[in-house]
4 protein chains.
Amino acid sequence: MKKKVAIVGASGYSGEELLRLLLQHPRVELVAVTSRQYAGQTIAQVFPKFAHHPAAKTLRFTEPNAELLARQAEIVFLALPHGVAAEFAVPLLQLGCQVIDLSADFRVNSAAVYKEFYGHDHPAPELLSKAVYGLPEIYREQLGDASLVASPGCYPTSILLPTVPLLREGLIRPTGIIADSLSGVSGAGRTVKQDYLFVECNESVRPYGLPKHRHLSEIEQELSLAAKTAVTIQFTPHLIPVNRGILTTLYLAPARHFSNVAEQNELNAKIAVCYKAAYADSAFVRILEGDSLPDTKNVVASNFIEIAWRLDARTGRLIVISALDNLAKGASGQAVQSFNLMCGWAETAGLAGAAF
Amino acid sequence: MKKKVAIVGASGYSGEELLRLLLQHPRVELVAVTSRQYAGQTIAQVFPKFAHHPAAKTLRFTEPNAELLARQAEIVFLALPHGVAAEFAVPLLQLGCQVIDLSADFRVNSAAVYKEFYGHDHPAPELLSKAVYGLPEIYREQLGDASLVASPGCYPTSILLPTVPLLREGLIRPTGIIADSLSGVSGAGRTVKQDYLFVECNESVRPYGLPKHRHLSEIEQELSLAAKTAVTIQFTPHLIPVNRGILTTLYLAPARHFSNVAEQNELNAKIAVCYKAAYADSAFVRILEGDSLPDTKNVVASNFIEIAWRLDARTGRLIVISALDNLAKGASGQAVQSFNLMCGWAETAGLAGAAF
Amino acid sequence: MKKKVAIVGASGYSGEELLRLLLQHPRVELVAVTSRQYAGQTIAQVFPKFAHHPAAKTLRFTEPNAELLARQAEIVFLALPHGVAAEFAVPLLQLGCQVIDLSADFRVNSAAVYKEFYGHDHPAPELLSKAVYGLPEIYREQLGDASLVASPGCYPTSILLPTVPLLREGLIRPTGIIADSLSGVSGAGRTVKQDYLFVECNESVRPYGLPKHRHLSEIEQELSLAAKTAVTIQFTPHLIPVNRGILTTLYLAPARHFSNVAEQNELNAKIAVCYKAAYADSAFVRILEGDSLPDTKNVVASNFIEIAWRLDARTGRLIVISALDNLAKGASGQAVQSFNLMCGWAETAGLAGAAF
Amino acid sequence: MKKKVAIVGASGYSGEELLRLLLQHPRVELVAVTSRQYAGQTIAQVFPKFAHHPAAKTLRFTEPNAELLARQAEIVFLALPHGVAAEFAVPLLQLGCQVIDLSADFRVNSAAVYKEFYGHDHPAPELLSKAVYGLPEIYREQLGDASLVASPGCYPTSILLPTVPLLREGLIRPTGIIADSLSGVSGAGRTVKQDYLFVECNESVRPYGLPKHRHLSEIEQELSLAAKTAVTIQFTPHLIPVNRGILTTLYLAPARHFSNVAEQNELNAKIAVCYKAAYADSAFVRILEGDSLPDTKNVVASNFIEIAWRLDARTGRLIVISALDNLAKGASGQAVQSFNLMCGWAETAGLAGAAF
């Protein structure tokens, strides 16, 4: 039995990646795709690379209309800017649709925090308590019953999956956490600005958004829940000249000091056990062993996240590195993973064969 | 029912792409992968990005051994350098395996031409007449019965698919053909040479192999067969800083001159009909319409080839442009397409969902 | 003695490159730079990378005003869109300035051809006969007396320098010329369009502007002058993912057939002599010898053009390849070279040390 | 009066950059260049892009020979691997040459530390106390009298220039320093290894050398001298797909806490004064103001380092970011800067006009 699915806002990079994934998903019937810019054109006209798919020649982009969408679709993906997403989520939910929102609108559970970080009042605060944060490795059970999923940001995913298990198990201190992240340019969306022109990005590396990036709101909320205490972290995003991929290097303080090789080995073993237990059922988390270190090229176009760690005997710190594809596990792949869970299917449905 | 399949030489870029495609192929049981360099290691150890596949943790690279392979596999893919490939093809065929060779060893049907272009005697000239040139869009029927397939080169595929139908229909002259090709760096294989270092290729564009590239031997053979007359072409390959992708611009002379708009429209219509007829059953050939022009980013990691053309009223020439992924439709994807036909399956099996 | 110089339109890539070159030119006093977008800001504020230059902290961008410019500057560089450039050239010339125009406005000497290719009436047809085409290797003497210089386009430079000497000497036929060009993305200017976003250009190669690119007007004009007969050529530009650089591959027909090695050697020798004679005094033309082939990375950020050729005994064709930097020899470097000649200085002044 | 200069090991990327800088240096006579690989060939043959320089057509690479070099040159640059460099430095110094060594051989003043980090006994421990660490902004005076200069590594330069003044002035604590660095691929040298192939680096980001990179030895030595106490830092290098450039993000703890806006402003002012005082005479240090943040594209091919900082009121930390070109300010440009000081010239001689 297939689900009837719609995508609202299918012309950006996340929307295009949703299209790619949902067109080839064996249990999805794509019934509507919307785009103000491309309304009236078929998928094949806008994205020639999907032209081989049977639906691409017949399905046309439409102007987004909540009532119409609710009549066609059972589940709606929103790939819209924050603020706008909520405007569609409210009527869609009222009309009985399930909603998976890829924007930031429902990621934080406090309207005050939302206003602090996004600069305007929350458009639908009454829904905040209903939304499930769509990080399946952490909220797998809650997603089974969710009607509204707030799919996490790309940076948060790259930071939370490596740290939440360590905080929960008390293996690291909740203070002094630093996350240094490198993102490919698609992370900025299909935004037509001088900053994202080829010549401005190629042969260039630069930090941006210092020191208070919006994603901190959801990162610190989830870390605080894991640590059972308020967590404030340092986060520096950088733009690097690749299309897709995020690499995050985390600087963490082990809860217990290690002062010799035996203690170091013991701590390494505990971390290994912690990750193994946390992600035993998580098909998309790849804990690297031996000398391997994460590399974005190993996860591009897949829904995997690579994680590795090193203890530094010189400084006493724990360094954890993660790599994921910002459009896949960092956005649309993860949204499909949540979708699978909402439908009661294996979380890998339609995603396992999607790797590059 | 699954086929038992082996890959000989699975550590280069073509071999890695074969691995990617065959691991996710629903009707393939991968029984052996060989690599002198990696013998003893599992697929997961050598290629962490395939680690999630059940076979990747158990299947180990072995030293290549024809007798052993023949006992394990029904069909063997050879991703080896020319000259070496034939050494394995001969015993494998004798032992009853079907062979799909990705090297140049069986692409030309004349041992003399082989020697002229490859500089040494052909290692198994008796097999030349048995090999089927693995371009499914041209030799679909013959591939059904093939025991030995010579999978085409990447440049030849990008040149032959746009020109063969036009030559067969007599729409272009067989003289004066020029093919100007641009290839990503993976086309050079995983060759550890200074020329292919990142810093030597990035921010660089350059021609190479002028004026007599080895691929001319198979290109001209196939064009001559299509034209029913000996064809000699001009071919200039260039190296450009992308990982994957070939773009070929062809300069062709229409058989009949067009001197006004009506004649131009008529010729455009004939070309459209010609391509449509030639590729009606070819799922992987995408003839572009309207203003669209081929772009390698639309075919990367897929088995598609994009083709578009323009008539130039100022010069009387026909310009045809094609784009494909040199590792997919230009090598391993095409080899799997031939494999599907050899097995009597749909040629898209295991390939449709493999796009990026 | 220094020249007082102004740049009108200094915020695009050509303007920025002019800034780089003129700031470090030993005989230039930069007296004005204009930019509507940046009016009021210093050079250092707009381009931090020039902040170390004494002038960068004091010289401010202004709104362009011909009268004001004419009072300040002796020579004015126009780095403006076509159409707009002529609006400034007319009053500046009347007020006694010399003008070097980097746009297309004065490159063709026929107002009718201009209209055919640029789609609007020429804004100042009376000036067309006064402009000197700023290709110093061809018009060195005329540039000494020029008051208005039409600096050539990037593609035309890459095509004309390799072909004009051969046409003048009658070594090639004026018919059937094909130029296949690859350009870095800065060739599109600092144009904020989706097509030029990093993600749209990176890992992408594509043709564009087929089949009648505007640059054909000046290319064919100059080739016709060299050949003393009307020349029509085939020209295909492609966009490749590098910041700077053009590589052009030319397909030419030798005037006299060569049918054996002796004749081929003789023709090679004639071509070598032809280039040597034509460019003996041209410091920026590098005719490659031996096995070397042009590579854009060898000319980036320099005013050089690399040229090499190969005779193909199989097809009878002559292949000539050139490489240059589209912003340097293809635009701003060449404009400074013309400027030097207008001032009666060595054409290399301020350019020799500017290479990367 | 010109200095007679030689380069030993001129075929790697640092050597090539030295060639570029010294060929255009107005006060340098290049008398010898050595390379085992290219012995016998002229500079023009090995590096066509330098062919226009008068010396490039006559000066030939030779096998390195200390006695011969000492007869020809007054100052010798060594661009050799560590261990090998000392073998040349010893006889060259004995024969009266001044030596600028770009390797790590004389950067640490303790033979024990050298052995710990480089894995073998120091080849000439008696010279360690004579070498001056070639960071002109810190050791400007000592360089005037130096006979042996140990030119710093690229990562150390990017870390030391932003932190040494802050440590000296007691504005930051000497504990808990974290340096997260991103380097272009030329940082690995012209090393022909699979890891540095285009396809392995392009569309890839990855950490390496964790957690004890060799450069830590010189970094911690210099930080300890500045702090007057032993300093241990955390350092994570990453490889990113650009040719040239290092971006370093430093996480530092202000010595005095700031808990309101007034205190934050006061600390910002102190940092500004500290940098201004430290680098008032340093032409190549660019402290960014306003909203600007460092970007490697602003320093590529120049000898500049960009530095900016941000105080984070949420975490109490000071974030400092630097950008430089690993081959210029991080290696060869800095070596030329030291050379200028050794000769008693302005440190900018031959470097000011060398920017891209």
# chains A, B, ... in the order shown; residues from 1 in each chain; ligands from 1
>>> closest_atom_pairs(of="chain A", to="chain D", cutoff="9 Å", atoms="only C-alpha atoms", output="tab-separated table")
residue	atom	partner	partner_atom	distance
A:Gly176	CA	D:Thr315	CA	8.1
A:Ile178	CA	D:Tyr251	CA	8.5
A:Asp180	CA	D:Asp180	CA	7.6
A:Leu182	CA	D:Val205	CA	8.2
A:Gly184	CA	D:Glu203	CA	8.7
A:Glu200	CA	D:Lys297	CA	8.2
A:Cys201	CA	D:Lys297	CA	8.5
A:Asn202	CA	D:Val242	CA	7.6
A:Glu203	CA	D:Val242	CA	5.0
A:Ser204	CA	D:Lys297	CA	4.8
A:Val205	CA	D:Thr296	CA	5.6
A:Arg206	CA	D:Asp295	CA	4.7
A:Pro207	CA	D:Leu293	CA	7.0
A:Tyr208	CA	D:Leu293	CA	7.5
A:Leu210	CA	D:Arg310	CA	7.4
A:Pro211	CA	D:Asp312	CA	6.0
A:Lys212	CA	D:Asp312	CA	8.0
A:Thr232	CA	D:Thr315	CA	6.9
A:Ile233	CA	D:Thr315	CA	7.0
A:Gln234	CA	D:Thr315	CA	6.6
A:Thr236	CA	D:Thr249	CA	8.4
A:Ile240	CA	D:Ile240	CA	7.4
A:Pro241	CA	D:Pro241	CA	6.8
A:Val242	CA	D:Glu203	CA	5.0
A:Asn243	CA	D:Glu203	CA	6.9
A:Arg244	CA	D:Glu203	CA	7.5
A:Gly245	CA	D:Ser204	CA	7.9
A:Ile246	CA	D:Val205	CA	8.2
A:Leu247	CA	D:Val205	CA	6.8
A:Thr249	CA	D:Thr236	CA	8.4
A:Tyr251	CA	D:Ile178	CA	8.5
A:Leu293	CA	D:Pro207	CA	7.0
A:Pro294	CA	D:Arg206	CA	6.3
A:Asp295	CA	D:Arg206	CA	4.7
A:Thr296	CA	D:Ser204	CA	5.2
A:Lys297	CA	D:Ser204	CA	4.8
A:Asn298	CA	D:Ser204	CA	8.3
A:Val300	CA	D:Glu203	CA	8.7
A:Arg310	CA	D:Pro211	CA	7.1
A:Leu311	CA	D:Pro211	CA	7.8
A:Asp312	CA	D:Pro211	CA	6.0
A:Ala313	CA	D:Pro211	CA	8.8
A:Arg314	CA	D:Thr232	CA	7.4
A:Thr315	CA	D:Gln234	CA	6.6
A:Arg317	CA	D:Gln234	CA	8.2
A:Ile319	CA	D:Pro211	CA	8.3
A:Ile321	CA	D:Pro207	CA	8.2
A:Ala323	CA	D:Arg206	CA	8.5
>>> residues_around(residues="segment 94-102 of chain D", least_positions_apart="4", cutoff="10 Å", atoms="only C-alpha atoms", output="MDAnalysis selection string")
chainID D and resid 5:8 14:15 66:67 69:82 85:86 88:90 106:107 131:134 146:153 330:332 334:336 338:339 342
>>> residues_around(residues="Lys270 of chain C", least_positions_apart="2", cutoff="12 Å", atoms="only C-alpha atoms", output="list in words")
Pro165, Leu166, Glu169, Gly170, Leu171, Ile172, Pro254, Ala255, Arg256, Glu263, Gln264, Asn265, Glu266, Leu267, Asn268, Ala272, Val273, Cys274, Tyr275, Lys276 and Ala277 of chain C
>>> write_last_selection(atoms="all heavy atoms", output="short mmCIF file (atom, residue, chain, number, x, y, z; two decimals), in the first residue's frame")
data_model
loop_
_atom_site.label_atom_id
_atom_site.label_comp_id
_atom_site.auth_asym_id
_atom_site.auth_seq_id
_atom_site.Cartn_x
_atom_site.Cartn_y
_atom_site.Cartn_z
N PRO C 165 48.01 35.21 -37.73
CA PRO C 165 49.26 35.07 -38.50
C PRO C 165 49.16 33.98 -39.57
O PRO C 165 49.70 34.15 -40.67
CB PRO C 165 50.30 34.69 -37.44
CG PRO C 165 49.73 35.16 -36.15
CD PRO C 165 48.23 35.04 -36.29
N LEU C 166 48.47 32.89 -39.27
CA LEU C 166 48.35 31.80 -40.24
C LEU C 166 47.52 32.23 -41.44
O LEU C 166 47.83 31.87 -42.59
CB LEU C 166 47.71 30.57 -39.57
CG LEU C 166 48.44 30.01 -38.34
CD1 LEU C 166 47.62 28.88 -37.71
CD2 LEU C 166 49.83 29.50 -38.72
N GLU C 169 49.54 34.75 -43.60
CA GLU C 169 50.58 34.09 -44.39
C GLU C 169 50.01 33.08 -45.36
O GLU C 169 50.76 32.42 -46.09
CB GLU C 169 51.58 33.39 -43.46
CG GLU C 169 52.42 34.32 -42.64
CD GLU C 169 53.28 35.25 -43.50
OE1 GLU C 169 53.92 34.76 -44.44
OE2 GLU C 169 53.26 36.48 -43.24
N GLY C 170 48.71 32.94 -45.35
CA GLY C 170 48.09 31.99 -46.27
C GLY C 170 48.38 30.54 -45.95
O GLY C 170 48.28 29.67 -46.81
N LEU C 171 48.72 30.24 -44.71
CA LEU C 171 49.04 28.85 -44.36
C LEU C 171 47.79 28.02 -44.11
O LEU C 171 47.84 26.80 -44.17
CB LEU C 171 49.95 28.82 -43.12
CG LEU C 171 51.39 29.27 -43.39
CD1 LEU C 171 52.16 29.41 -42.08
CD2 LEU C 171 52.10 28.28 -44.31
N ILE C 172 46.70 28.68 -43.80
CA ILE C 172 45.44 27.93 -43.62
C ILE C 172 44.36 28.54 -44.52
O ILE C 172 44.44 29.70 -44.93
CB ILE C 172 44.94 27.96 -42.16
CG1 ILE C 172 44.78 29.40 -41.66
CG2 ILE C 172 45.86 27.16 -41.25
CD1 ILE C 172 44.04 29.51 -40.35
N PRO C 254 44.93 23.23 -43.34
CA PRO C 254 46.12 23.79 -43.99
C PRO C 254 45.81 24.11 -45.46
O PRO C 254 45.04 23.40 -46.12
CB PRO C 254 47.14 22.66 -43.89
CG PRO C 254 46.69 21.83 -42.74
CD PRO C 254 45.19 21.91 -42.75
N ALA C 255 46.38 25.19 -45.94
CA ALA C 255 46.13 25.60 -47.32
C ALA C 255 46.66 24.57 -48.31
O ALA C 255 46.09 24.33 -49.37
CB ALA C 255 46.77 26.96 -47.58
N ARG C 256 47.76 23.97 -47.95
CA ARG C 256 48.32 22.94 -48.84
C ARG C 256 48.31 21.60 -48.12
O ARG C 256 48.72 21.49 -46.96
CB ARG C 256 49.76 23.31 -49.21
CG ARG C 256 50.39 22.31 -50.17
CD ARG C 256 51.77 22.72 -50.56
NE ARG C 256 51.74 23.88 -51.45
CZ ARG C 256 52.70 24.13 -52.35
NH1 ARG C 256 53.74 23.31 -52.48
NH2 ARG C 256 52.64 25.20 -53.10
N GLU C 263 56.52 16.37 -46.07
CA GLU C 263 55.62 17.52 -46.23
C GLU C 263 55.10 18.01 -44.88
O GLU C 263 54.89 19.20 -44.67
CB GLU C 263 54.44 17.14 -47.14
CG GLU C 263 54.84 17.04 -48.60
CD GLU C 263 53.69 16.53 -49.48
OE1 GLU C 263 52.56 16.39 -48.98
OE2 GLU C 263 53.97 16.26 -50.67
N GLN C 264 54.85 17.04 -43.99
CA GLN C 264 54.38 17.43 -42.66
C GLN C 264 55.46 18.22 -41.92
O GLN C 264 55.17 19.25 -41.31
CB GLN C 264 54.01 16.16 -41.88
CG GLN C 264 53.39 16.45 -40.52
CD GLN C 264 52.80 15.21 -39.85
OE1 GLN C 264 52.51 14.21 -40.53
NE2 GLN C 264 52.64 15.27 -38.55
N ASN C 265 56.68 17.76 -41.99
CA ASN C 265 57.79 18.49 -41.35
C ASN C 265 57.94 19.88 -41.93
O ASN C 265 58.18 20.85 -41.21
CB ASN C 265 59.10 17.72 -41.51
CG ASN C 265 59.11 16.46 -40.68
OD1 ASN C 265 58.28 16.30 -39.77
ND2 ASN C 265 60.02 15.55 -40.99
N GLU C 266 57.78 19.96 -43.22
CA GLU C 266 57.93 21.25 -43.90
C GLU C 266 56.84 22.23 -43.41
O GLU C 266 57.12 23.39 -43.12
CB GLU C 266 57.80 21.04 -45.41
CG GLU C 266 58.21 22.24 -46.23
CD GLU C 266 57.86 22.02 -47.72
OE1 GLU C 266 57.55 20.85 -48.08
OE2 GLU C 266 57.88 22.99 -48.48
N LEU C 267 55.63 21.71 -43.33
CA LEU C 267 54.54 22.57 -42.88
C LEU C 267 54.74 23.00 -41.42
O LEU C 267 54.55 24.16 -41.05
CB LEU C 267 53.20 21.85 -43.06
CG LEU C 267 51.94 22.66 -42.71
CD1 LEU C 267 51.95 24.05 -43.35
CD2 LEU C 267 50.69 21.89 -43.14
N ASN C 268 55.15 22.04 -40.59
CA ASN C 268 55.47 22.38 -39.20
C ASN C 268 56.50 23.50 -39.13
O ASN C 268 56.37 24.43 -38.33
CB ASN C 268 55.99 21.14 -38.46
CG ASN C 268 54.87 20.37 -37.77
OD1 ASN C 268 53.94 20.96 -37.23
ND2 ASN C 268 54.96 19.05 -37.81
N ALA C 272 56.02 27.27 -37.55
CA ALA C 272 56.94 27.78 -36.51
C ALA C 272 57.52 29.12 -36.93
O ALA C 272 57.58 30.07 -36.14
CB ALA C 272 58.06 26.75 -36.27
N VAL C 273 57.95 29.22 -38.17
CA VAL C 273 58.52 30.48 -38.67
C VAL C 273 57.45 31.58 -38.64
O VAL C 273 57.72 32.72 -38.25
CB VAL C 273 59.07 30.29 -40.09
CG1 VAL C 273 59.37 31.64 -40.75
CG2 VAL C 273 60.31 29.42 -40.04
N CYS C 274 56.25 31.23 -39.06
CA CYS C 274 55.16 32.20 -39.10
C CYS C 274 54.89 32.80 -37.73
O CYS C 274 54.82 34.01 -37.56
CB CYS C 274 53.90 31.52 -39.65
SG CYS C 274 52.41 32.53 -39.54
N TYR C 275 54.75 31.93 -36.73
CA TYR C 275 54.48 32.44 -35.37
C TYR C 275 55.67 33.24 -34.84
O TYR C 275 55.51 34.27 -34.20
CB TYR C 275 54.19 31.27 -34.42
CG TYR C 275 52.77 30.76 -34.50
CD1 TYR C 275 52.50 29.40 -34.50
CD2 TYR C 275 51.68 31.64 -34.53
CE1 TYR C 275 51.19 28.90 -34.54
CE2 TYR C 275 50.37 31.15 -34.59
CZ TYR C 275 50.14 29.79 -34.59
OH TYR C 275 48.85 29.32 -34.64
N LYS C 276 56.87 32.73 -35.12
CA LYS C 276 58.07 33.41 -34.63
C LYS C 276 58.13 34.82 -35.19
O LYS C 276 58.40 35.79 -34.47
CB LYS C 276 59.31 32.60 -35.02
CG LYS C 276 60.51 32.92 -34.18
CD LYS C 276 61.55 31.81 -34.25
CE LYS C 276 62.52 31.90 -33.08
NZ LYS C 276 63.41 30.73 -33.05
N ALA C 277 57.88 34.94 -36.49
CA ALA C 277 57.93 36.27 -37.12
C ALA C 277 56.83 37.16 -36.57
O ALA C 277 57.05 38.33 -36.27
CB ALA C 277 57.79 36.11 -38.64
#
>>> select_by_dssp(residues="segment 80-239 of chain B", states="strand (DSSP E or B)", output="list in words")
Gln98, Val99, Ile100, Asp101, Val132, Tyr133, Leu148, Val149, Ala150, Ile172, Ile178, Ala179, Asp180, Ser181, Leu182, Ser183, Leu197, Arg206, Pro207, Gln234, Phe235, Thr236, Pro237, His238 and Leu239 of chain B
>>> write_last_selection(atoms="N, CA, C and O atoms", output="mmCIF file, in the first residue's frame")
data_model
loop_
_atom_site.group_PDB
_atom_site.id
_atom_site.type_symbol
_atom_site.label_atom_id
_atom_site.label_comp_id
_atom_site.auth_asym_id
_atom_site.auth_seq_id
_atom_site.Cartn_x
_atom_site.Cartn_y
_atom_site.Cartn_z
ATOM 1 N N GLN B 98 30.744 -16.532 -18.442
ATOM 2 C CA GLN B 98 30.542 -15.407 -19.329
ATOM 3 C C GLN B 98 31.429 -14.260 -18.818
ATOM 4 O O GLN B 98 31.648 -14.130 -17.616
ATOM 5 N N VAL B 99 31.926 -13.460 -19.735
ATOM 6 C CA VAL B 99 32.884 -12.417 -19.361
ATOM 7 C C VAL B 99 32.437 -11.067 -19.901
ATOM 8 O O VAL B 99 32.074 -10.952 -21.081
ATOM 9 N N ILE B 100 32.452 -10.073 -19.032
ATOM 10 C CA ILE B 100 32.220 -8.686 -19.449
ATOM 11 C C ILE B 100 33.500 -7.929 -19.168
ATOM 12 O O ILE B 100 33.874 -7.715 -18.007
ATOM 13 N N ASP B 101 34.186 -7.549 -20.237
ATOM 14 C CA ASP B 101 35.505 -6.943 -20.109
ATOM 15 C C ASP B 101 35.390 -5.428 -20.278
ATOM 16 O O ASP B 101 34.963 -4.954 -21.326
ATOM 17 N N VAL B 132 31.122 -9.302 -28.348
ATOM 18 C CA VAL B 132 30.082 -8.352 -28.749
ATOM 19 C C VAL B 132 30.427 -6.997 -28.119
ATOM 20 O O VAL B 132 30.764 -6.925 -26.932
ATOM 21 N N TYR B 133 30.369 -5.960 -28.947
ATOM 22 C CA TYR B 133 30.656 -4.617 -28.451
ATOM 23 C C TYR B 133 29.478 -4.182 -27.573
ATOM 24 O O TYR B 133 28.339 -4.041 -28.049
ATOM 25 N N LEU B 148 31.095 -13.204 -24.422
ATOM 26 C CA LEU B 148 32.177 -12.248 -24.161
ATOM 27 C C LEU B 148 31.725 -10.869 -24.623
ATOM 28 O O LEU B 148 31.446 -10.668 -25.811
ATOM 29 N N VAL B 149 31.653 -9.939 -23.686
ATOM 30 C CA VAL B 149 31.255 -8.574 -24.018
ATOM 31 C C VAL B 149 32.446 -7.640 -23.858
ATOM 32 O O VAL B 149 33.129 -7.677 -22.833
ATOM 33 N N ALA B 150 32.675 -6.835 -24.898
ATOM 34 C CA ALA B 150 33.700 -5.799 -24.811
ATOM 35 C C ALA B 150 32.996 -4.490 -24.504
ATOM 36 O O ALA B 150 32.403 -3.872 -25.393
ATOM 37 N N ILE B 172 23.885 12.639 -42.029
ATOM 38 C CA ILE B 172 25.150 13.399 -42.028
ATOM 39 C C ILE B 172 26.149 12.702 -42.926
ATOM 40 O O ILE B 172 26.050 11.506 -43.215
ATOM 41 N N ILE B 178 34.221 15.903 -36.372
ATOM 42 C CA ILE B 178 35.103 16.350 -35.303
ATOM 43 C C ILE B 178 34.399 16.123 -33.970
ATOM 44 O O ILE B 178 33.243 16.499 -33.804
ATOM 45 N N ALA B 179 35.139 15.490 -33.032
ATOM 46 C CA ALA B 179 34.614 15.284 -31.680
ATOM 47 C C ALA B 179 35.565 15.944 -30.697
ATOM 48 O O ALA B 179 36.737 15.577 -30.616
ATOM 49 N N ASP B 180 35.049 16.916 -29.972
ATOM 50 C CA ASP B 180 35.837 17.641 -28.974
ATOM 51 C C ASP B 180 35.273 17.253 -27.615
ATOM 52 O O ASP B 180 34.123 17.555 -27.309
ATOM 53 N N SER B 181 36.084 16.564 -26.802
ATOM 54 C CA SER B 181 35.566 15.965 -25.571
ATOM 55 C C SER B 181 36.262 16.508 -24.332
ATOM 56 O O SER B 181 37.468 16.781 -24.348
ATOM 57 N N LEU B 182 35.487 16.626 -23.264
ATOM 58 C CA LEU B 182 35.980 17.110 -21.980
ATOM 59 C C LEU B 182 35.695 16.033 -20.947
ATOM 60 O O LEU B 182 34.552 15.606 -20.820
ATOM 61 N N SER B 183 36.723 15.608 -20.236
ATOM 62 C CA SER B 183 36.523 14.508 -19.292
ATOM 63 C C SER B 183 36.942 14.886 -17.890
ATOM 64 O O SER B 183 37.952 15.555 -17.677
ATOM 65 N N LEU B 197 47.430 14.756 -9.569
ATOM 66 C CA LEU B 197 47.318 15.310 -8.217
ATOM 67 C C LEU B 197 46.288 16.429 -8.213
ATOM 68 O O LEU B 197 46.111 17.134 -9.216
ATOM 69 N N ARG B 206 43.176 21.374 -19.807
ATOM 70 C CA ARG B 206 44.232 21.090 -20.767
ATOM 71 C C ARG B 206 43.855 19.957 -21.700
ATOM 72 O O ARG B 206 43.160 19.026 -21.295
ATOM 73 N N PRO B 207 44.315 20.028 -22.957
ATOM 74 C CA PRO B 207 44.136 18.894 -23.867
ATOM 75 C C PRO B 207 45.227 17.863 -23.576
ATOM 76 O O PRO B 207 46.207 18.167 -22.892
ATOM 77 N N GLN B 234 38.285 13.384 -36.334
ATOM 78 C CA GLN B 234 39.174 14.204 -35.517
ATOM 79 C C GLN B 234 38.669 14.126 -34.089
ATOM 80 O O GLN B 234 37.475 14.335 -33.862
ATOM 81 N N PHE B 235 39.564 13.851 -33.141
ATOM 82 C CA PHE B 235 39.120 13.691 -31.760
ATOM 83 C C PHE B 235 40.128 14.349 -30.809
ATOM 84 O O PHE B 235 41.313 14.031 -30.852
ATOM 85 N N THR B 236 39.652 15.269 -30.006
ATOM 86 C CA THR B 236 40.531 15.935 -29.042
ATOM 87 C C THR B 236 39.964 15.809 -27.640
ATOM 88 O O THR B 236 38.939 16.419 -27.324
ATOM 89 N N PRO B 237 40.616 15.027 -26.793
ATOM 90 C CA PRO B 237 40.178 14.949 -25.396
ATOM 91 C C PRO B 237 40.851 16.030 -24.545
ATOM 92 O O PRO B 237 41.997 16.420 -24.809
ATOM 93 N N HIS B 238 40.113 16.531 -23.565
ATOM 94 C CA HIS B 238 40.639 17.515 -22.615
ATOM 95 C C HIS B 238 40.345 17.040 -21.195
ATOM 96 O O HIS B 238 39.336 16.371 -20.953
ATOM 97 N N LEU B 239 41.201 17.423 -20.279
ATOM 98 C CA LEU B 239 40.995 17.103 -18.872
ATOM 99 C C LEU B 239 40.464 18.342 -18.151
ATOM 100 O O LEU B 239 41.053 19.419 -18.241
#
>>> select_by_dssp(residues="segment 94-213 of chain A", states="helix (DSSP H, G or I)", output="MDAnalysis selection string")
chainID A and resid 94 111:118 125:127 136:143 154:168 185:188 194:196 198:201
